[in-house]
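To start, the structure itself, in structure tokens.
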Amino acid sequence: MCAVVNQEIKLIPRASVEPQNFWSLTLPELERVMDTWRQPTYRAKQVFQWAYKELADDFAQMSNLPRELRERLAEAYSLVNLRAERELVSNDRQTYKALLALPDGQTIETVLMLYEARATVCVSSQVGCAIGCPFCATGQMGLQRNLNAGEIVEQVIHFSRFLRCWHEGQAGELGSKISVPAEIQSVTNLVFMGMGEPLANYNNLWRAIRNLNAAHGLGMGARRMTVSTSGLVPRIEQFAREPEEVNLAISLHAANDELRNLMVPINKKWPVARLMEAARGYIAATNRRLSYEWALIQGVNDAPERAEELAAAIKSQLCHVNV
Ligand code: SF4
């Protein structure tokens with residue numbers, strides 16, 4: 001009973017409280033809200049339809065909902081919580097990077113990459129990062145905070161809206177700098193490789209993935225999503241047990257402990273041999289191909305011996321290596 005009461009307090013903010021991020025909500029949670037508001041449960045599906053399929057940025061646009069309900073939704077939830085503070089487009093017109101401001105003033109980076117028929121969004125999962133890889137600017141910030149699930153989902157919504165506006169000729173000056181192939185109508189792939197260690201924000205990550213994957217959500221196939229980790233072994237083992245077929249990538253960068261301790265400091269806690277054990281367990285449990293990331297840094301990890309160490313570490317694994 002107490003749990004239910006607590007849940008309701010969390011799900012139904014009072015009007016005097018700041019609106020919550022809509023994108024954190026699951027459909028069953030919104031259905032419970034509708035129930036509490038004495039609305040038919042199907043209203044929740046209608047709201048999700050407007051939000052995820054029509055990409056509405058205002059509850060007022062949800063024309064098949066009663067006006068009072070739209071107003072109540074707008075008091076309780078917000079569909080726009082991220083604000084583009086700075087936007088950059090690459091010279092080849094295929095990459096669009098946005099610095100997105102969060103409601104508390106912190107900022108994250110999210111990137112849209114257009115390549116052939118793919119529109120891939122590189123999603124951030126934390127503000128800053130606790131792992132502290134010396135070659136990474138985010139790592140130097142330390143961990144500021146986890147993103148909530150809504151802040152993760154909304155990065156994808158931001159670019160989904162942009163692509164829709166672009167095709168409608170309403171993407172403004174920014175749109176004129178980008179070339180979107182006709183076959184790309186929406187975001188096609190996600191990589192959780194932006195700021196932060198996604199598996200250190202595990203529950204929010206999966207809540208977001210499930211909203212992005214659900215048919216009533218964005219409907220993006222799990223196999224079109226890749227989560228990248230620096231090597232949090234217990235979380236890799238947990239990841240392998242999740243029912244959704246989301247891909248996993250490991251940022252390896254070095255396959256000997258001495259070097260990897262320096263490049264990816266989490267290696268001191270879970271050294272290469274333990275990481276490879278978890279990787280083999282993941283492949284055995286899922287029968288999915290694992291990706292290894294190897295950022296080549298001149299004079300650090302680009303010698304032939306490093307490649308031989310890599311080959312020995314991943315021998316017989318169902319995997320590929322992105323250099
Ligand atoms: S885990 Fe990723 S985000 Fe974190 S410091 Fe290392 S490279 Fe940067």
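Ligands are numbered from 1 in the order shown, chains are lettered A, B, ... in the order of the structure tokens, and residues start at 1 in each chain.
Considering only C-alpha atoms and all ligand atoms, the residues that reside within 8 Å of ligand 1 can be listed as A:Gly128, A:Cys129, A:Ala130, A:Ile131, A:Gly132, A:Cys133, A:Pro134, A:Phe135, A:Cys136, A:Ala137, A:Thr138, A:Gly139, A:Gln140, A:Met193, A:Gly194, A:Met195, A:Gly196, A:Glu197, A:Thr229, A:Ser230, A:Ser251, A:Val264.
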Using the selection just defined, write its residues with all heavy atoms as a tab-separated table (two decimals), in the first residue's frame.
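This is the output file selection-v2.tsv:
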```
chain	number	residue	atom	x	y	z
A	128	GLY	N	29.14	14.63	-17.48
A	128	GLY	CA	30.47	14.25	-17.01
A	128	GLY	C	30.58	12.73	-16.93
A	128	GLY	O	29.71	12.00	-17.43
A	129	CYS	N	31.64	12.26	-16.30
A	129	CYS	CA	31.85	10.82	-16.22
A	129	CYS	C	32.87	10.53	-15.12
A	129	CYS	O	33.86	11.26	-14.98
A	129	CYS	CB	32.37	10.28	-17.56
A	129	CYS	SG	32.63	8.50	-17.57
A	130	ALA	N	32.62	9.49	-14.37
A	130	ALA	CA	33.51	9.16	-13.25
A	130	ALA	C	34.70	8.31	-13.66
A	130	ALA	O	35.63	8.11	-12.87
A	130	ALA	CB	32.71	8.43	-12.17
A	131	ILE	N	34.69	7.79	-14.89
A	131	ILE	CA	35.72	6.81	-15.26
A	131	ILE	C	37.09	7.47	-15.44
A	131	ILE	O	38.11	6.90	-15.09
A	131	ILE	CB	35.31	6.05	-16.56
A	131	ILE	CG1	33.93	5.41	-16.39
A	131	ILE	CG2	36.36	5.00	-16.94
A	131	ILE	CD1	33.82	4.35	-15.31
A	132	GLY	N	37.10	8.69	-15.97
A	132	GLY	CA	38.34	9.47	-16.00
A	132	GLY	C	39.38	9.03	-17.00
A	132	GLY	O	40.59	9.14	-16.72
A	133	CYS	N	38.97	8.57	-18.17
A	133	CYS	CA	39.96	8.22	-19.20
A	133	CYS	C	40.74	9.49	-19.57
A	133	CYS	O	40.12	10.51	-19.89
A	133	CYS	CB	39.26	7.66	-20.44
A	133	CYS	SG	38.18	6.26	-20.06
A	134	PRO	N	42.06	9.44	-19.55
A	134	PRO	CA	42.84	10.67	-19.71
A	134	PRO	C	42.72	11.32	-21.08
A	134	PRO	O	42.97	12.52	-21.21
A	134	PRO	CB	44.28	10.21	-19.44
A	134	PRO	CG	44.27	8.73	-19.59
A	134	PRO	CD	42.90	8.27	-19.28
A	135	PHE	N	42.34	10.55	-22.11
A	135	PHE	CA	42.24	11.12	-23.46
A	135	PHE	C	40.88	11.75	-23.73
A	135	PHE	O	40.62	12.24	-24.83
A	135	PHE	CB	42.51	10.04	-24.52
A	135	PHE	CG	41.60	8.84	-24.41
A	135	PHE	CD1	40.36	8.85	-25.02
A	135	PHE	CD2	41.98	7.73	-23.67
A	135	PHE	CE1	39.51	7.75	-24.91
A	135	PHE	CE2	41.14	6.63	-23.55
A	135	PHE	CZ	39.90	6.65	-24.17
A	136	CYS	N	39.98	11.75	-22.74
A	136	CYS	CA	38.59	12.15	-22.97
A	136	CYS	C	38.26	13.41	-22.17
A	136	CYS	O	38.46	13.47	-20.95
A	136	CYS	CB	37.67	11.00	-22.55
A	136	CYS	SG	35.95	11.45	-22.44
A	137	ALA	N	37.73	14.43	-22.86
A	137	ALA	CA	37.40	15.70	-22.20
A	137	ALA	C	36.32	15.50	-21.14
A	137	ALA	O	36.38	16.08	-20.05
A	137	ALA	CB	36.93	16.71	-23.25
A	138	THR	N	35.34	14.63	-21.43
A	138	THR	CA	34.27	14.39	-20.45
A	138	THR	C	34.84	13.81	-19.17
A	138	THR	O	34.41	14.15	-18.06
A	138	THR	CB	33.22	13.42	-21.05
A	138	THR	OG1	32.74	13.96	-22.27
A	138	THR	CG2	32.07	13.20	-20.11
A	139	GLY	N	35.80	12.91	-19.33
A	139	GLY	CA	36.41	12.27	-18.17
A	139	GLY	C	37.08	13.26	-17.24
A	139	GLY	O	37.16	13.04	-16.02
A	140	GLN	N	37.55	14.38	-17.80
A	140	GLN	CA	38.24	15.37	-16.96
A	140	GLN	C	37.25	16.17	-16.11
A	140	GLN	O	37.64	16.82	-15.14
A	140	GLN	CB	39.08	16.34	-17.83
A	140	GLN	CG	40.00	15.66	-18.84
A	140	GLN	CD	40.72	14.44	-18.29
A	140	GLN	OE1	41.42	14.53	-17.28
A	140	GLN	NE2	40.52	13.29	-18.91
A	193	MET	N	27.09	6.37	-26.78
A	193	MET	CA	28.55	6.57	-26.73
A	193	MET	C	28.88	8.03	-26.51
A	193	MET	O	29.99	8.47	-26.78
A	193	MET	CB	29.19	6.13	-28.06
A	193	MET	CG	29.10	4.67	-28.36
A	193	MET	SD	29.96	4.28	-29.89
A	193	MET	CE	29.55	2.54	-30.07
A	194	GLY	N	27.89	8.80	-26.06
A	194	GLY	CA	28.14	10.22	-25.82
A	194	GLY	C	28.79	10.41	-24.46
A	194	GLY	O	29.58	9.58	-24.01
A	195	MET	N	28.44	11.49	-23.78
A	195	MET	CA	29.04	11.75	-22.47
A	195	MET	C	28.57	10.70	-21.46
A	195	MET	O	27.39	10.36	-21.40
A	195	MET	CB	28.63	13.14	-21.97
A	195	MET	CG	29.19	14.27	-22.81
A	195	MET	SD	28.49	15.87	-22.34
A	195	MET	CE	29.41	16.22	-20.85
A	196	GLY	N	29.53	10.22	-20.66
A	196	GLY	CA	29.17	9.33	-19.56
A	196	GLY	C	29.36	7.86	-19.85
A	196	GLY	O	29.59	7.45	-20.99
A	197	GLU	N	29.29	7.08	-18.79
A	197	GLU	CA	29.36	5.62	-18.87
A	197	GLU	C	27.92	5.11	-18.73
A	197	GLU	O	27.34	5.13	-17.63
A	197	GLU	CB	30.26	5.09	-17.73
A	197	GLU	CG	30.13	3.62	-17.39
A	197	GLU	CD	30.30	2.67	-18.57
A	197	GLU	OE1	31.39	2.62	-19.15
A	197	GLU	OE2	29.31	1.98	-18.92
A	229	THR	N	30.39	0.51	-23.32
A	229	THR	CA	30.85	0.57	-21.93
A	229	THR	C	32.37	0.54	-21.87
A	229	THR	O	33.03	-0.04	-22.73
A	229	THR	CB	30.28	-0.61	-21.11
A	229	THR	OG1	30.78	-0.50	-19.76
A	229	THR	CG2	30.67	-1.96	-21.67
A	230	SER	N	32.88	1.14	-20.79
A	230	SER	CA	34.33	1.11	-20.56
A	230	SER	C	34.73	-0.22	-19.91
A	230	SER	O	35.92	-0.51	-19.81
A	230	SER	CB	34.73	2.27	-19.65
A	230	SER	OG	34.01	2.21	-18.43
A	251	SER	N	34.74	-0.41	-24.93
A	251	SER	CA	35.86	0.47	-25.28
A	251	SER	C	37.12	-0.14	-24.67
A	251	SER	O	37.41	0.04	-23.49
A	251	SER	CB	35.64	1.87	-24.70
A	251	SER	OG	34.47	2.42	-25.25
A	264	VAL	N	42.12	3.42	-19.46
A	264	VAL	CA	40.73	3.25	-18.99
A	264	VAL	C	40.83	2.82	-17.52
A	264	VAL	O	40.85	1.63	-17.21
A	264	VAL	CB	39.99	2.19	-19.83
A	264	VAL	CG1	38.50	2.19	-19.51
A	264	VAL	CG2	40.20	2.41	-21.33
```
Residue contacts of segment 93-98 of chain A (12 Å, only C-alpha atoms) excluding same-chain residues fewer than 4 positions away, as a PDB file with N, CA, C and O atoms, in the first residue's frame:
```
ATOM      1  N   LEU A  82      14.935  20.060 -22.993  1.00  0.00           N
ATOM      2  CA  LEU A  82      16.306  20.305 -23.448  1.00  0.00           C
ATOM      3  C   LEU A  82      16.287  21.495 -24.403  1.00  0.00           C
ATOM      4  O   LEU A  82      15.391  21.608 -25.237  1.00  0.00           O
ATOM      5  N   ARG A  83      17.268  22.354 -24.265  1.00  0.00           N
ATOM      6  CA  ARG A  83      17.334  23.542 -25.125  1.00  0.00           C
ATOM      7  C   ARG A  83      18.689  23.552 -25.821  1.00  0.00           C
ATOM      8  O   ARG A  83      19.730  23.428 -25.165  1.00  0.00           O
ATOM      9  N   ALA A  84      18.670  23.673 -27.157  1.00  0.00           N
ATOM     10  CA  ALA A  84      19.934  23.689 -27.898  1.00  0.00           C
ATOM     11  C   ALA A  84      20.649  25.011 -27.632  1.00  0.00           C
ATOM     12  O   ALA A  84      20.149  26.077 -27.984  1.00  0.00           O
ATOM     13  N   GLU A  85      21.793  24.915 -26.975  1.00  0.00           N
ATOM     14  CA  GLU A  85      22.544  26.124 -26.630  1.00  0.00           C
ATOM     15  C   GLU A  85      23.533  26.474 -27.738  1.00  0.00           C
ATOM     16  O   GLU A  85      23.786  27.636 -28.005  1.00  0.00           O
ATOM     17  N   ARG A  86      24.096  25.450 -28.339  1.00  0.00           N
ATOM     18  CA  ARG A  86      25.031  25.664 -29.447  1.00  0.00           C
ATOM     19  C   ARG A  86      24.882  24.509 -30.431  1.00  0.00           C
ATOM     20  O   ARG A  86      24.686  23.362 -30.007  1.00  0.00           O
ATOM     21  N   GLU A  87      24.957  24.815 -31.726  1.00  0.00           N
ATOM     22  CA  GLU A  87      24.804  23.764 -32.733  1.00  0.00           C
ATOM     23  C   GLU A  87      25.893  23.922 -33.779  1.00  0.00           C
ATOM     24  O   GLU A  87      26.145  25.035 -34.249  1.00  0.00           O
ATOM     25  N   LEU A  88      26.533  22.822 -34.107  1.00  0.00           N
ATOM     26  CA  LEU A  88      27.631  22.847 -35.074  1.00  0.00           C
ATOM     27  C   LEU A  88      27.368  21.815 -36.154  1.00  0.00           C
ATOM     28  O   LEU A  88      26.912  20.708 -35.854  1.00  0.00           O
ATOM     29  N   VAL A  89      27.680  22.184 -37.397  1.00  0.00           N
ATOM     30  CA  VAL A  89      27.539  21.242 -38.512  1.00  0.00           C
ATOM     31  C   VAL A  89      28.909  21.073 -39.147  1.00  0.00           C
ATOM     32  O   VAL A  89      29.638  22.054 -39.350  1.00  0.00           O
ATOM     33  N   THR A 107      24.989  20.992 -19.140  1.00  0.00           N
ATOM     34  CA  THR A 107      24.888  20.764 -20.588  1.00  0.00           C
ATOM     35  C   THR A 107      25.448  19.395 -20.964  1.00  0.00           C
ATOM     36  O   THR A 107      26.328  18.860 -20.286  1.00  0.00           O
ATOM     37  N   ILE A 108      24.918  18.872 -22.056  1.00  0.00           N
ATOM     38  CA  ILE A 108      25.396  17.605 -22.613  1.00  0.00           C
ATOM     39  C   ILE A 108      25.557  17.773 -24.116  1.00  0.00           C
ATOM     40  O   ILE A 108      24.967  18.681 -24.707  1.00  0.00           O
ATOM     41  N   GLU A 109      26.331  16.888 -24.699  1.00  0.00           N
ATOM     42  CA  GLU A 109      26.491  16.895 -26.156  1.00  0.00           C
ATOM     43  C   GLU A 109      25.766  15.702 -26.752  1.00  0.00           C
ATOM     44  O   GLU A 109      25.859  14.587 -26.229  1.00  0.00           O
ATOM     45  N   THR A 110      25.082  15.943 -27.845  1.00  0.00           N
ATOM     46  CA  THR A 110      24.432  14.866 -28.598  1.00  0.00           C
ATOM     47  C   THR A 110      24.726  15.115 -30.069  1.00  0.00           C
ATOM     48  O   THR A 110      24.768  16.267 -30.506  1.00  0.00           O
ATOM     49  N   VAL A 111      24.947  14.035 -30.813  1.00  0.00           N
ATOM     50  CA  VAL A 111      25.392  14.197 -32.200  1.00  0.00           C
ATOM     51  C   VAL A 111      24.503  13.373 -33.133  1.00  0.00           C
ATOM     52  O   VAL A 111      24.174  12.218 -32.833  1.00  0.00           O
ATOM     53  N   LEU A 112      24.147  13.985 -34.254  1.00  0.00           N
ATOM     54  CA  LEU A 112      23.445  13.274 -35.330  1.00  0.00           C
ATOM     55  C   LEU A 112      24.441  13.041 -36.455  1.00  0.00           C
ATOM     56  O   LEU A 112      25.087  13.988 -36.919  1.00  0.00           O
ATOM     57  N   MET A 113      24.565  11.778 -36.874  1.00  0.00           N
ATOM     58  CA  MET A 113      25.506  11.446 -37.948  1.00  0.00           C
ATOM     59  C   MET A 113      24.728  10.836 -39.109  1.00  0.00           C
ATOM     60  O   MET A 113      24.030   9.834 -38.931  1.00  0.00           O
ATOM     61  N   LEU A 114      24.842  11.454 -40.272  1.00  0.00           N
ATOM     62  CA  LEU A 114      24.141  10.958 -41.457  1.00  0.00           C
ATOM     63  C   LEU A 114      25.148  10.220 -42.321  1.00  0.00           C
ATOM     64  O   LEU A 114      26.207  10.762 -42.654  1.00  0.00           O
ATOM     65  N   TYR A 115      24.832   8.996 -42.646  1.00  0.00           N
ATOM     66  CA  TYR A 115      25.746   8.223 -43.486  1.00  0.00           C
ATOM     67  C   TYR A 115      24.928   7.242 -44.315  1.00  0.00           C
ATOM     68  O   TYR A 115      24.202   6.415 -43.759  1.00  0.00           O
ATOM     69  N   GLU A 116      25.030   7.373 -45.626  1.00  0.00           N
ATOM     70  CA  GLU A 116      24.218   6.574 -46.550  1.00  0.00           C
ATOM     71  C   GLU A 116      22.752   6.636 -46.110  1.00  0.00           C
ATOM     72  O   GLU A 116      22.223   7.728 -45.976  1.00  0.00           O
ATOM     73  N   ALA A 117      22.116   5.493 -45.836  1.00  0.00           N
ATOM     74  CA  ALA A 117      20.692   5.555 -45.476  1.00  0.00           C
ATOM     75  C   ALA A 117      20.471   5.587 -43.964  1.00  0.00           C
ATOM     76  O   ALA A 117      19.365   5.367 -43.487  1.00  0.00           O
ATOM     77  N   ARG A 118      21.537   5.868 -43.227  1.00  0.00           N
ATOM     78  CA  ARG A 118      21.421   5.844 -41.766  1.00  0.00           C
ATOM     79  C   ARG A 118      21.471   7.236 -41.158  1.00  0.00           C
ATOM     80  O   ARG A 118      22.257   8.075 -41.592  1.00  0.00           O
ATOM     81  N   ALA A 119      20.663   7.426 -40.136  1.00  0.00           N
ATOM     82  CA  ALA A 119      20.759   8.626 -39.300  1.00  0.00           C
ATOM     83  C   ALA A 119      20.975   8.122 -37.881  1.00  0.00           C
ATOM     84  O   ALA A 119      20.054   7.610 -37.243  1.00  0.00           O
ATOM     85  N   THR A 120      22.208   8.229 -37.424  1.00  0.00           N
ATOM     86  CA  THR A 120      22.561   7.675 -36.116  1.00  0.00           C
ATOM     87  C   THR A 120      22.716   8.805 -35.109  1.00  0.00           C
ATOM     88  O   THR A 120      23.394   9.795 -35.383  1.00  0.00           O
ATOM     89  N   VAL A 121      22.081   8.647 -33.961  1.00  0.00           N
ATOM     90  CA  VAL A 121      22.256   9.633 -32.892  1.00  0.00           C
ATOM     91  C   VAL A 121      23.177   9.045 -31.837  1.00  0.00           C
ATOM     92  O   VAL A 121      22.974   7.918 -31.372  1.00  0.00           O
ATOM     93  N   CYS A 122      24.206   9.810 -31.488  1.00  0.00           N
ATOM     94  CA  CYS A 122      25.125   9.430 -30.414  1.00  0.00           C
ATOM     95  C   CYS A 122      24.616  10.105 -29.139  1.00  0.00           C
ATOM     96  O   CYS A 122      24.605  11.330 -29.031  1.00  0.00           O
ATOM     97  N   VAL A 123      24.161   9.297 -28.204  1.00  0.00           N
ATOM     98  CA  VAL A 123      23.390   9.766 -27.050  1.00  0.00           C
ATOM     99  C   VAL A 123      24.271   9.820 -25.799  1.00  0.00           C
ATOM    100  O   VAL A 123      25.075   8.911 -25.555  1.00  0.00           O
ATOM    101  N   SER A 124      24.102  10.865 -24.992  1.00  0.00           N
ATOM    102  CA  SER A 124      24.792  10.959 -23.697  1.00  0.00           C
ATOM    103  C   SER A 124      23.939  10.317 -22.610  1.00  0.00           C
ATOM    104  O   SER A 124      22.707  10.324 -22.683  1.00  0.00           O
ATOM    105  N   GLN A 155      16.891  13.408 -26.089  1.00  0.00           N
ATOM    106  CA  GLN A 155      17.966  13.691 -27.056  1.00  0.00           C
ATOM    107  C   GLN A 155      17.591  13.121 -28.425  1.00  0.00           C
ATOM    108  O   GLN A 155      17.829  13.736 -29.466  1.00  0.00           O
ATOM    109  N   VAL A 156      17.002  11.935 -28.411  1.00  0.00           N
ATOM    110  CA  VAL A 156      16.609  11.291 -29.671  1.00  0.00           C
ATOM    111  C   VAL A 156      15.417  12.032 -30.277  1.00  0.00           C
ATOM    112  O   VAL A 156      15.351  12.255 -31.491  1.00  0.00           O
ATOM    113  N   HIS A 158      14.773  15.142 -29.923  1.00  0.00           N
ATOM    114  CA  HIS A 158      15.285  16.415 -30.457  1.00  0.00           C
ATOM    115  C   HIS A 158      15.669  16.254 -31.927  1.00  0.00           C
ATOM    116  O   HIS A 158      15.290  17.061 -32.782  1.00  0.00           O
ATOM    117  N   PHE A 159      16.414  15.185 -32.226  1.00  0.00           N
ATOM    118  CA  PHE A 159      16.874  14.999 -33.606  1.00  0.00           C
ATOM    119  C   PHE A 159      15.765  14.430 -34.498  1.00  0.00           C
ATOM    120  O   PHE A 159      15.758  14.683 -35.706  1.00  0.00           O
ATOM    121  N   PHE A 162      14.046  17.406 -35.543  1.00  0.00           N
ATOM    122  CA  PHE A 162      14.851  18.145 -36.524  1.00  0.00           C
ATOM    123  C   PHE A 162      14.692  17.531 -37.917  1.00  0.00           C
ATOM    124  O   PHE A 162      14.487  18.247 -38.904  1.00  0.00           O
ATOM    125  N   LEU A 163      14.787  16.197 -38.002  1.00  0.00           N
ATOM    126  CA  LEU A 163      14.689  15.545 -39.318  1.00  0.00           C
ATOM    127  C   LEU A 163      13.318  15.785 -39.940  1.00  0.00           C
ATOM    128  O   LEU A 163      13.195  16.012 -41.143  1.00  0.00           O
ATOM    129  N   LEU A 174      19.966  26.424 -39.869  1.00  0.00           N
ATOM    130  CA  LEU A 174      20.710  25.198 -39.553  1.00  0.00           C
ATOM    131  C   LEU A 174      20.445  24.136 -40.613  1.00  0.00           C
ATOM    132  O   LEU A 174      21.355  23.465 -41.095  1.00  0.00           O
ATOM    133  N   GLY A 175      19.170  24.007 -40.994  1.00  0.00           N
ATOM    134  CA  GLY A 175      18.788  23.013 -41.987  1.00  0.00           C
ATOM    135  C   GLY A 175      19.493  23.223 -43.313  1.00  0.00           C
ATOM    136  O   GLY A 175      19.820  22.262 -44.013  1.00  0.00           O
ATOM    137  N   SER A 176      19.757  24.484 -43.645  1.00  0.00           N
ATOM    138  CA  SER A 176      20.397  24.766 -44.934  1.00  0.00           C
ATOM    139  C   SER A 176      21.850  24.302 -44.945  1.00  0.00           C
ATOM    140  O   SER A 176      22.462  24.187 -45.999  1.00  0.00           O
ATOM    141  N   LYS A 177      22.406  24.020 -43.779  1.00  0.00           N
ATOM    142  CA  LYS A 177      23.808  23.587 -43.706  1.00  0.00           C
ATOM    143  C   LYS A 177      23.952  22.073 -43.766  1.00  0.00           C
ATOM    144  O   LYS A 177      25.053  21.543 -43.765  1.00  0.00           O
ATOM    145  N   ILE A 178      22.831  21.362 -43.720  1.00  0.00           N
ATOM    146  CA  ILE A 178      22.877  19.899 -43.623  1.00  0.00           C
ATOM    147  C   ILE A 178      22.235  19.273 -44.855  1.00  0.00           C
ATOM    148  O   ILE A 178      21.223  19.762 -45.351  1.00  0.00           O
ATOM    149  N   SER A 179      22.832  18.167 -45.319  1.00  0.00           N
ATOM    150  CA  SER A 179      22.235  17.425 -46.436  1.00  0.00           C
ATOM    151  C   SER A 179      21.650  16.131 -45.886  1.00  0.00           C
ATOM    152  O   SER A 179      22.392  15.273 -45.405  1.00  0.00           O
ATOM    153  N   VAL A 180      20.346  16.002 -45.947  1.00  0.00           N
ATOM    154  CA  VAL A 180      19.699  14.772 -45.475  1.00  0.00           C
ATOM    155  C   VAL A 180      19.235  13.984 -46.700  1.00  0.00           C
ATOM    156  O   VAL A 180      18.393  14.470 -47.457  1.00  0.00           O
ATOM    157  N   PRO A 181      19.789  12.786 -46.925  1.00  0.00           N
ATOM    158  CA  PRO A 181      19.331  11.987 -48.069  1.00  0.00           C
ATOM    159  C   PRO A 181      17.828  11.722 -47.977  1.00  0.00           C
ATOM    160  O   PRO A 181      17.285  11.579 -46.872  1.00  0.00           O
ATOM    161  N   GLY A 194      27.893   8.804 -26.064  1.00  0.00           N
ATOM    162  CA  GLY A 194      28.143  10.224 -25.819  1.00  0.00           C
ATOM    163  C   GLY A 194      28.789  10.412 -24.455  1.00  0.00           C
ATOM    164  O   GLY A 194      29.583   9.579 -24.007  1.00  0.00           O
TER     165      GLY A 194
END
```
List as a PyMOL selection string the protein and nucleic acid residues near Ser291 of chain A, meaning an atom at most 6 Å away when only C-alpha atoms are counted, but skip any in the same chain fewer than 4 places from it. chain A and resi 249+319-321
Between A:Gln46, A:Ser228, A:Asn247, A:Gln238, single out the one closest to Trp294 of chain A, counting only C-alpha atoms. A:Ser228
Can you list, as a PyMOL selection string, every protein, DNA or RNA residue that comes within 7 Å of Asn148 of chain A when you count only C-alpha atoms, leaving out same-chain residues fewer than 3 positions away? chain A and resi 151-152+204
Which residues in segment 3-247 of chain A does DSSP call helix (DSSP H, G or I)? List them as number ranges by chain. A: 3-11, 22-24, 27-36, 42-53, 59-61, 67-76, 137-141, 149-167, 172-176, 198-213, 222-224, 233-239
Strand (DSSP E or B) residues, from DSSP on the backbone, in segment 69-290 of chain A, as a PyMOL selection string: chain A and resi 77-78+83-89+95-101+107-115+118-122+126-128+143-146+189-192+225-229+247-251+290
Residue neighbourhood Glu54 of chain A, 12 Å, only C-alpha atoms, exclusion window fewer than 4 positions, as JSON, numbers by chain: {"A": [46, 47, 48, 49, 50, 58, 59, 61, 62, 63, 157, 160, 161, 164, 165, 186, 216, 217, 218]}
Quick one: residues within 12 Å of Thr41 of chain A, only C-alpha atoms, excluding same-chain residues fewer than 6 positions away - as a ChimeraX atom specification? /A:27-35,47-48
Take the residues that were just selected and, keeping all heavy atoms, output them as a short mmCIF file (atom, residue, chain, number, x, y, z; two decimals), in the first residue's frame.
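Listed below is the output, out_10.cif:
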```cif
data_model
loop_
_atom_site.label_atom_id
_atom_site.label_comp_id
_atom_site.auth_asym_id
_atom_site.auth_seq_id
_atom_site.Cartn_x
_atom_site.Cartn_y
_atom_site.Cartn_z
N LEU A 27 4.34 3.88 -20.47
CA LEU A 27 2.90 3.87 -20.77
C LEU A 27 2.08 3.39 -19.56
O LEU A 27 1.09 4.04 -19.21
CB LEU A 27 2.63 3.02 -22.01
CG LEU A 27 1.16 2.95 -22.42
CD1 LEU A 27 0.63 4.33 -22.82
CD2 LEU A 27 0.97 1.97 -23.58
N PRO A 28 2.47 2.29 -18.91
CA PRO A 28 1.66 1.87 -17.74
C PRO A 28 1.60 2.95 -16.66
O PRO A 28 0.58 3.10 -15.99
CB PRO A 28 2.40 0.62 -17.22
CG PRO A 28 3.12 0.09 -18.42
CD PRO A 28 3.51 1.30 -19.23
N GLU A 29 2.68 3.70 -16.49
CA GLU A 29 2.65 4.78 -15.49
C GLU A 29 1.65 5.86 -15.89
O GLU A 29 0.88 6.35 -15.06
CB GLU A 29 4.05 5.39 -15.34
CG GLU A 29 5.00 4.49 -14.57
CD GLU A 29 6.45 4.96 -14.59
OE1 GLU A 29 6.79 5.85 -15.40
OE2 GLU A 29 7.25 4.42 -13.81
N LEU A 30 1.65 6.23 -17.17
CA LEU A 30 0.69 7.26 -17.61
C LEU A 30 -0.74 6.73 -17.53
O LEU A 30 -1.67 7.47 -17.22
CB LEU A 30 1.03 7.75 -19.02
CG LEU A 30 0.23 8.97 -19.48
CD1 LEU A 30 0.42 10.17 -18.54
CD2 LEU A 30 0.59 9.38 -20.90
N GLU A 31 -0.89 5.44 -17.78
CA GLU A 31 -2.24 4.85 -17.64
C GLU A 31 -2.72 4.96 -16.20
O GLU A 31 -3.89 5.25 -15.95
CB GLU A 31 -2.21 3.39 -18.11
CG GLU A 31 -2.14 3.27 -19.63
CD GLU A 31 -1.96 1.85 -20.13
OE1 GLU A 31 -1.58 0.97 -19.32
OE2 GLU A 31 -2.17 1.63 -21.33
N ARG A 32 -1.80 4.75 -15.26
CA ARG A 32 -2.19 4.88 -13.85
C ARG A 32 -2.54 6.33 -13.52
O ARG A 32 -3.46 6.60 -12.75
CB ARG A 32 -1.05 4.38 -12.94
CG ARG A 32 -0.96 2.86 -12.88
CD ARG A 32 -0.32 2.40 -11.58
NE ARG A 32 1.06 2.83 -11.47
CZ ARG A 32 2.08 2.20 -12.07
NH1 ARG A 32 1.86 1.14 -12.82
NH2 ARG A 32 3.31 2.64 -11.92
N VAL A 33 -1.80 7.26 -14.12
CA VAL A 33 -2.12 8.67 -13.91
C VAL A 33 -3.53 8.97 -14.43
O VAL A 33 -4.34 9.61 -13.76
CB VAL A 33 -1.09 9.58 -14.61
CG1 VAL A 33 -1.53 11.04 -14.57
CG2 VAL A 33 0.29 9.43 -13.97
N MET A 34 -3.84 8.46 -15.62
CA MET A 34 -5.17 8.69 -16.21
C MET A 34 -6.25 8.13 -15.29
O MET A 34 -7.30 8.74 -15.09
CB MET A 34 -5.26 8.04 -17.59
CG MET A 34 -4.41 8.70 -18.64
SD MET A 34 -4.90 10.42 -18.89
CE MET A 34 -3.36 11.12 -19.40
N ASP A 35 -5.96 6.97 -14.76
CA ASP A 35 -6.89 6.33 -13.84
C ASP A 35 -7.15 7.23 -12.64
O ASP A 35 -8.29 7.47 -12.23
CB ASP A 35 -6.24 5.01 -13.40
CG ASP A 35 -7.27 3.98 -13.07
OD1 ASP A 35 -8.35 4.05 -13.67
OD2 ASP A 35 -7.00 3.14 -12.20
N VAL A 47 -1.90 9.98 -25.82
CA VAL A 47 -0.83 10.93 -25.51
C VAL A 47 0.50 10.41 -26.06
O VAL A 47 1.27 11.16 -26.68
CB VAL A 47 -0.73 11.17 -23.99
CG1 VAL A 47 0.47 12.05 -23.66
CG2 VAL A 47 -2.01 11.79 -23.45
N PHE A 48 0.77 9.12 -25.86
CA PHE A 48 2.01 8.54 -26.37
C PHE A 48 2.07 8.66 -27.90
O PHE A 48 3.12 8.91 -28.47
CB PHE A 48 2.15 7.08 -25.93
CG PHE A 48 3.03 6.93 -24.70
CD1 PHE A 48 2.70 7.56 -23.52
CD2 PHE A 48 4.19 6.17 -24.74
CE1 PHE A 48 3.51 7.45 -22.39
CE2 PHE A 48 5.02 6.05 -23.63
CZ PHE A 48 4.67 6.69 -22.46
#
```
